[in-house]
Amino acid sequence: MKHAIRPTQVLLLLSALLFAVTVLSLAFGSAERASSEIVLQIRLPRVLLAALVGAGLATAGALLQALLQNPLADPYILGISGGAAVGGVAALALGAGVGVGAFSVPGFAFLGALGATGLLYAVAGSVGRAPTHSLLLTGVVFNAFASSVIVFVVTATDLSRMAGIFLWLIGSIRLVDFYLIAGVALLLGLGLGVGIYHAYALNLLSQGDEIASHLGVDVVRVRRRVLLATSLVIGASVAVSGLIGFVGLIVPHLLRLVVGSDHRLLVPASALLGASFLMLADTLARTILAPTELPVGALTALVGGPLFLLLLRRELARAAP
Amino acid sequence: MKETLLAARGVSHAFAGTPVLTAVDLALRPGQLLLVVGPNGSGKTTLVRILAGVLAARSGEIELAERPLSAYTRREVARRLAVVPQEMLVPFPYRVREMVAMGRAPFLGALGREGPRDREVVERALASLGLTLLAERIFLTLSAGEKQRVVLARALAQESPLLLLDEPTAHMDLGHRVHTFEWLRAWIAAKPLERGVLLVTHDLLLAVRFADAVVLLDRGRVVAQGEPCEVLTPERIGAVYGVDTTVTEDEAGRPLIVAVRSRIRYPEPSDGSNL
């Protein structure tokens with residue numbers, strides 16, 4: 001029995017990569033000669049945040065793909081990020097952008113994500129495995145609905161807040177304080193922990209509720225917990241970074257090619273690679289057009305959009321032989 | 001020793017008001033290979049889902065080892081009863097060995113850490129269905145018949161005394177089909193006081209030669225049950241399946257069924273056209 005790569009080796013390798021990307025991200029920026037002040041007070045929080053959000057989005061993607069039994073699932077495409085954004089915008093419009101109020105944004109975003117996930121299940125997941133097209137259609141409609149709610153809320157709010165809300169929506173890693181980072185880290189850690197704890201059950205669940213049930217999984221309980229964890233992670237990520245798409249699609253997909261589909265490895269590996277991926281993307285976003293900054297969400301969509309179409313084409317080809 | 005391994009008592013079920021099963025009684029005894037047969041849409045798969053506890057019947061009782069099925073947790077059921085469903089969808093590229101190893105799930109902790117004994121059971125399950133050479137292959141790339149062997153091996157890795165198989169040989173070639181039935185007989189014979197198999201099949205002509213008992217379903221009702229020769233008479237097969245058959249017995253007293261011609265006649269198209 002030979003395994004090309006061992007799980008511990010994969011995780012070590014990905015940790016090493018994460019370290020290397022962190023150093024790289026700290027070293028590069030728009031400042032010609034970075035003082036230790038710039039590195040510690042401007043770049044470090046941002047790099048940390050990018051790592052956390054990347055880990056969260058990639059993990060959420062891997063968990064959703066298992067739950068929905070579909071490798072094309074992604075929080076952004078399915079409109080769950082959109083739901084979180086509705087929650088976040090509502091909080092911001094109520095004036096929660098600064099100080100202690102900033103902590104209400106993750107809470108509202110979590111509620112929004114939870115609502116969207118619940119609706120997604122009620123519409124597309126009520127009859128076992130939903131076909132890819134009905135999942136995607138549900139996502140399209142959710143996103144359209146979320147956008148109009150957001151437009152409605154933003155229009156009703158005063159002009160001074162509008163610009164901030166729009167900047168947040170595009171999806172960017174910006175400067176936030178260390179307390180908020182710590183809060184997000186806590187929520188992500190909790191969600192990730194639940195995800196890793198149930199990763200083995202997800203292997204079984206990914207083959208359908210009945211198969212999992214035959215193999216002794218308490219399907220309802222595991223699904224409820226993982227959905228809660230996913231919503232928590234998405235809520236926290238969207239709250240601090242807005243709508244960054246496709247990370248949950250790209251990262252687990254790349255990993256499956258190399259490490260296989262065992263979620264015991266795939267879920268923690270997605271967290272590690274997701275962190276590196278978004279740190280790198282954000283470093284590119286703030287350096288390639290320096291001193292102008294690109295929103296990192298535009299960059300991930302640039303990679304993710306074509307990849308998604310490629311995967312969709314393959315999925316459709318498989319469904320219609 | 002238990003009298004029955006698995007029993008259904010007065011099980012009825014309906015989907016959207018249409019009755020699918022009506023007052024079904026059956027019992028699987030230790031050492032038995034029990035066939036459940038019947039035409040398309042006679043309720044066989046629904047019966048398997050109810051027996052496995054993944055579908056709740058409208059009325060009636062299921063007993064596993066003479067205790068109500070509802071008294072067990074899913075994990076306890078999975079240790080006593082392994083199910084091979086008719087259809088399954090695997091969205092991710094798992095390897096054959098990974099698929100079979102999932103049969104150990106009812107014995108593992110939440111994190112799914114496998115011990116040396118689990119790995120040994122998996123290798124043995126692979127070997128006994130001739131899958132050792134396919135172990136590193138991606139499940140999705142296998143042929144339909146090979147996939148069925150993998151899922152059967154997974155059920156075997158569950159080490160449960162009871163197998164519930166829904167058309168496990170439907171996609172297999174003749175050689176593997178006969179081998180599967182012989183293998184099931186040998187599996188039961190190794191521990192005849194504990195083990196039993198309930199098998200749903202359309203393969204009357206072959207499967208019946210390996211069975212101890214047959215339950216014949218038609219439109220959700222048990223038309224007959226008992227010894228294969230008594231249940232499967234040409235008259236009954238004709239009435240239920242709409243096919244003329246000759247049934248004889250071989251030297252071992254097992255039924256030999258030969259299909260002669262179909263009685264199914266669809267009405268002619270009203271405009272008189274033909275294909």
# chains A, B, ... in the order shown; residues from 1 in each chain; ligands from 1
>>> interface_residues(of="chain A", to="chain B", cutoff="10 Å", atoms="only C-alpha atoms", output="short mmCIF file (atom, residue, chain, number, x, y, z; two decimals) with C-alpha atoms, in the first residue's frame")
data_model
loop_
_atom_site.label_atom_id
_atom_site.label_comp_id
_atom_site.auth_asym_id
_atom_site.auth_seq_id
_atom_site.Cartn_x
_atom_site.Cartn_y
_atom_site.Cartn_z
CA MET A 1 0.00 0.00 0.00
CA LYS A 2 1.73 3.12 -1.17
CA HIS A 3 0.62 6.65 -0.74
CA GLN A 65 -19.16 21.22 -1.48
CA ALA A 66 -19.40 18.17 0.77
CA LEU A 68 -24.32 19.88 -1.16
CA GLN A 69 -22.51 16.96 -2.82
CA ASN A 70 -21.32 19.25 -5.54
CA PRO A 71 -17.72 20.33 -6.31
CA ARG A 129 -28.78 16.04 -3.96
CA ILE A 196 -12.46 19.45 11.04
CA TYR A 197 -14.27 17.56 13.80
CA HIS A 198 -16.95 16.46 11.35
CA ALA A 199 -14.65 16.05 8.34
CA TYR A 200 -14.86 12.27 8.40
CA ALA A 201 -18.66 12.33 8.52
CA ASN A 203 -16.79 11.99 3.48
CA LEU A 204 -19.88 9.86 4.03
CA SER A 206 -20.91 13.72 0.37
CA GLN A 207 -22.39 10.50 -1.01
CA GLY A 208 -25.89 11.35 0.07
CA ASP A 209 -27.94 11.33 3.23
CA GLU A 210 -29.01 7.71 2.92
CA ILE A 211 -25.52 6.33 2.35
CA ALA A 212 -24.25 8.32 5.34
CA SER A 213 -27.17 7.08 7.38
CA HIS A 214 -26.46 3.46 6.40
CA LEU A 215 -22.92 3.98 7.64
CA GLY A 216 -24.07 5.20 11.02
CA VAL A 217 -23.94 8.99 10.64
CA ASP A 218 -26.54 11.07 12.47
CA VAL A 219 -27.17 13.05 9.31
CA ARG A 256 -8.36 17.72 -4.60
CA LEU A 257 -6.11 17.31 -7.63
CA GLY A 260 -7.51 13.61 -3.04
CA SER A 261 -10.99 13.96 -1.62
CA ASP A 262 -10.65 12.83 1.99
CA ARG A 264 -10.02 14.88 7.03
CA GLU A 315 -19.56 18.74 -14.91
#
>>> residues_around(residues="stretch 180-190 of chain A", least_positions_apart="2", cutoff="6 Å", atoms="only C-alpha atoms", output="list in words")
Asp177, Phe178, Leu192, Gly193, Val233 and Ala236 of chain A
>>> select_by_dssp(residues="stretch 4-217 of chain A", states="alpha helix (DSSP H)", output="ChimeraX atom specification")
/A:7-27,36-37,44-67,80-93,104-123,132-156,159-170,178-197,199-205,209-214
>>> residues_around(residues="stretch 189-204 of chain B", least_positions_apart="6", cutoff="6 Å", atoms="only C-alpha atoms", output="ChimeraX atom specification")
/B:30-37,161-167
>>> atom_distance(atom1="atom CA of B:Arg117", atom2="atom CA of B:Val100")
14.1 Å
>>> atom_distance(atom1="atom CA of A:Ile288", atom2="atom CA of A:Gly29")
9.4 Å
>>> atom_distance(atom1="atom CA of B:Phe139", atom2="atom CA of A:Thr59")
24.6 Å
>>> residues_around(residues="A:Ala93", least_positions_apart="6", cutoff="12 Å", atoms="only C-alpha atoms", output="ChimeraX atom specification")
/A:85-87,101-102,104-105,108,150-166
>>> residues_around(residues="B:Ala23", least_positions_apart="2", cutoff="10 Å", atoms="only C-alpha atoms", output="CSV table (one decimal) with C-alpha atoms, in the first residue's frame")
chain,number,residue,atom,x,y,z
B,8,ALA,CA,-41.3,-6.4,8.9
B,9,ARG,CA,-44.8,-6.6,10.5
B,10,GLY,CA,-47.7,-5.0,8.7
B,11,VAL,CA,-45.6,-2.4,6.9
B,12,SER,CA,-47.6,0.0,4.8
B,13,HIS,CA,-46.4,3.0,3.0
B,21,LEU,CA,-46.6,-1.1,0.2
B,25,ASP,CA,-44.9,-9.1,6.6
B,26,LEU,CA,-41.6,-10.9,6.2
B,59,SER,CA,-47.6,2.1,9.6
B,60,GLY,CA,-46.1,-1.2,10.8
B,220,GLY,CA,-47.0,-3.4,-2.9
B,221,ARG,CA,-48.5,-6.6,-1.6
B,222,VAL,CA,-46.9,-9.9,-0.7
>>> select_by_dssp(residues="stretch 179-228 of chain B", states="strand (DSSP E or B)", output="PyMOL selection string")
chain B and resi 196-200+213-218+221-226
>>> write_last_selection(atoms="N, CA and C atoms", output="mmCIF file, in the first residue's frame")
data_model
loop_
_atom_site.group_PDB
_atom_site.id
_atom_site.type_symbol
_atom_site.label_atom_id
_atom_site.label_comp_id
_atom_site.auth_asym_id
_atom_site.auth_seq_id
_atom_site.Cartn_x
_atom_site.Cartn_y
_atom_site.Cartn_z
ATOM 1 N N GLY B 196 -27.284 -13.401 7.814
ATOM 2 C CA GLY B 196 -28.395 -13.528 6.887
ATOM 3 C C GLY B 196 -28.298 -12.459 5.812
ATOM 4 N N VAL B 197 -28.904 -12.750 4.641
ATOM 5 C CA VAL B 197 -28.880 -11.805 3.530
ATOM 6 C C VAL B 197 -30.293 -11.621 3.001
ATOM 7 N N LEU B 198 -30.694 -10.374 2.847
ATOM 8 C CA LEU B 198 -31.940 -10.073 2.149
ATOM 9 C C LEU B 198 -31.552 -9.391 0.854
ATOM 10 N N LEU B 199 -31.987 -9.966 -0.254
ATOM 11 C CA LEU B 199 -31.506 -9.506 -1.538
ATOM 12 C C LEU B 199 -32.674 -9.213 -2.474
ATOM 13 N N VAL B 200 -32.709 -7.993 -2.979
ATOM 14 C CA VAL B 200 -33.721 -7.615 -3.966
ATOM 15 C C VAL B 200 -33.125 -7.824 -5.346
ATOM 16 N N ALA B 213 -35.381 -18.775 0.505
ATOM 17 C CA ALA B 213 -36.784 -18.385 0.543
ATOM 18 C C ALA B 213 -36.983 -17.205 -0.383
ATOM 19 N N VAL B 214 -38.221 -17.014 -0.825
ATOM 20 C CA VAL B 214 -38.547 -15.932 -1.745
ATOM 21 C C VAL B 214 -39.791 -15.209 -1.257
ATOM 22 N N VAL B 215 -39.738 -13.878 -1.332
ATOM 23 C CA VAL B 215 -40.936 -13.075 -1.092
ATOM 24 C C VAL B 215 -41.299 -12.454 -2.427
ATOM 25 N N LEU B 216 -42.509 -12.727 -2.906
ATOM 26 C CA LEU B 216 -42.935 -12.189 -4.197
ATOM 27 C C LEU B 216 -43.868 -11.009 -3.963
ATOM 28 N N LEU B 217 -43.434 -9.832 -4.427
ATOM 29 C CA LEU B 217 -44.237 -8.609 -4.266
ATOM 30 C C LEU B 217 -44.920 -8.271 -5.581
ATOM 31 N N ASP B 218 -46.149 -7.800 -5.488
ATOM 32 C CA ASP B 218 -46.820 -7.269 -6.669
ATOM 33 C C ASP B 218 -47.659 -6.081 -6.238
ATOM 34 N N ARG B 221 -47.996 -5.538 -2.476
ATOM 35 C CA ARG B 221 -48.490 -6.589 -1.577
ATOM 36 C C ARG B 221 -47.641 -7.845 -1.736
ATOM 37 N N VAL B 222 -47.541 -8.594 -0.644
ATOM 38 C CA VAL B 222 -46.862 -9.890 -0.732
ATOM 39 C C VAL B 222 -47.854 -10.885 -1.330
ATOM 40 N N VAL B 223 -47.516 -11.361 -2.536
ATOM 41 C CA VAL B 223 -48.409 -12.306 -3.215
ATOM 42 C C VAL B 223 -48.173 -13.709 -2.685
ATOM 43 N N ALA B 224 -46.923 -14.024 -2.410
ATOM 44 C CA ALA B 224 -46.591 -15.353 -1.904
ATOM 45 C C ALA B 224 -45.231 -15.296 -1.262
ATOM 46 N N GLN B 225 -44.999 -16.104 -0.274
ATOM 47 C CA GLN B 225 -43.640 -16.246 0.234
ATOM 48 C C GLN B 225 -43.427 -17.642 0.773
ATOM 49 N N GLY B 226 -42.161 -18.075 0.716
ATOM 50 C CA GLY B 226 -41.842 -19.427 1.164
ATOM 51 C C GLY B 226 -40.704 -19.990 0.339
#
>>> residues_around(residues="A:Phe19", least_positions_apart="3", cutoff="12 Å", atoms="only C-alpha atoms", output="list in words")
Leu12, Leu13, Leu14, Ser15, Ala16, Thr22, Val23, Leu24, Ser25, Leu26, Val47, Leu48, Ala51, Leu272, Leu273, Ala275, Ser276, Phe277, Met279 and Leu280 of chain A
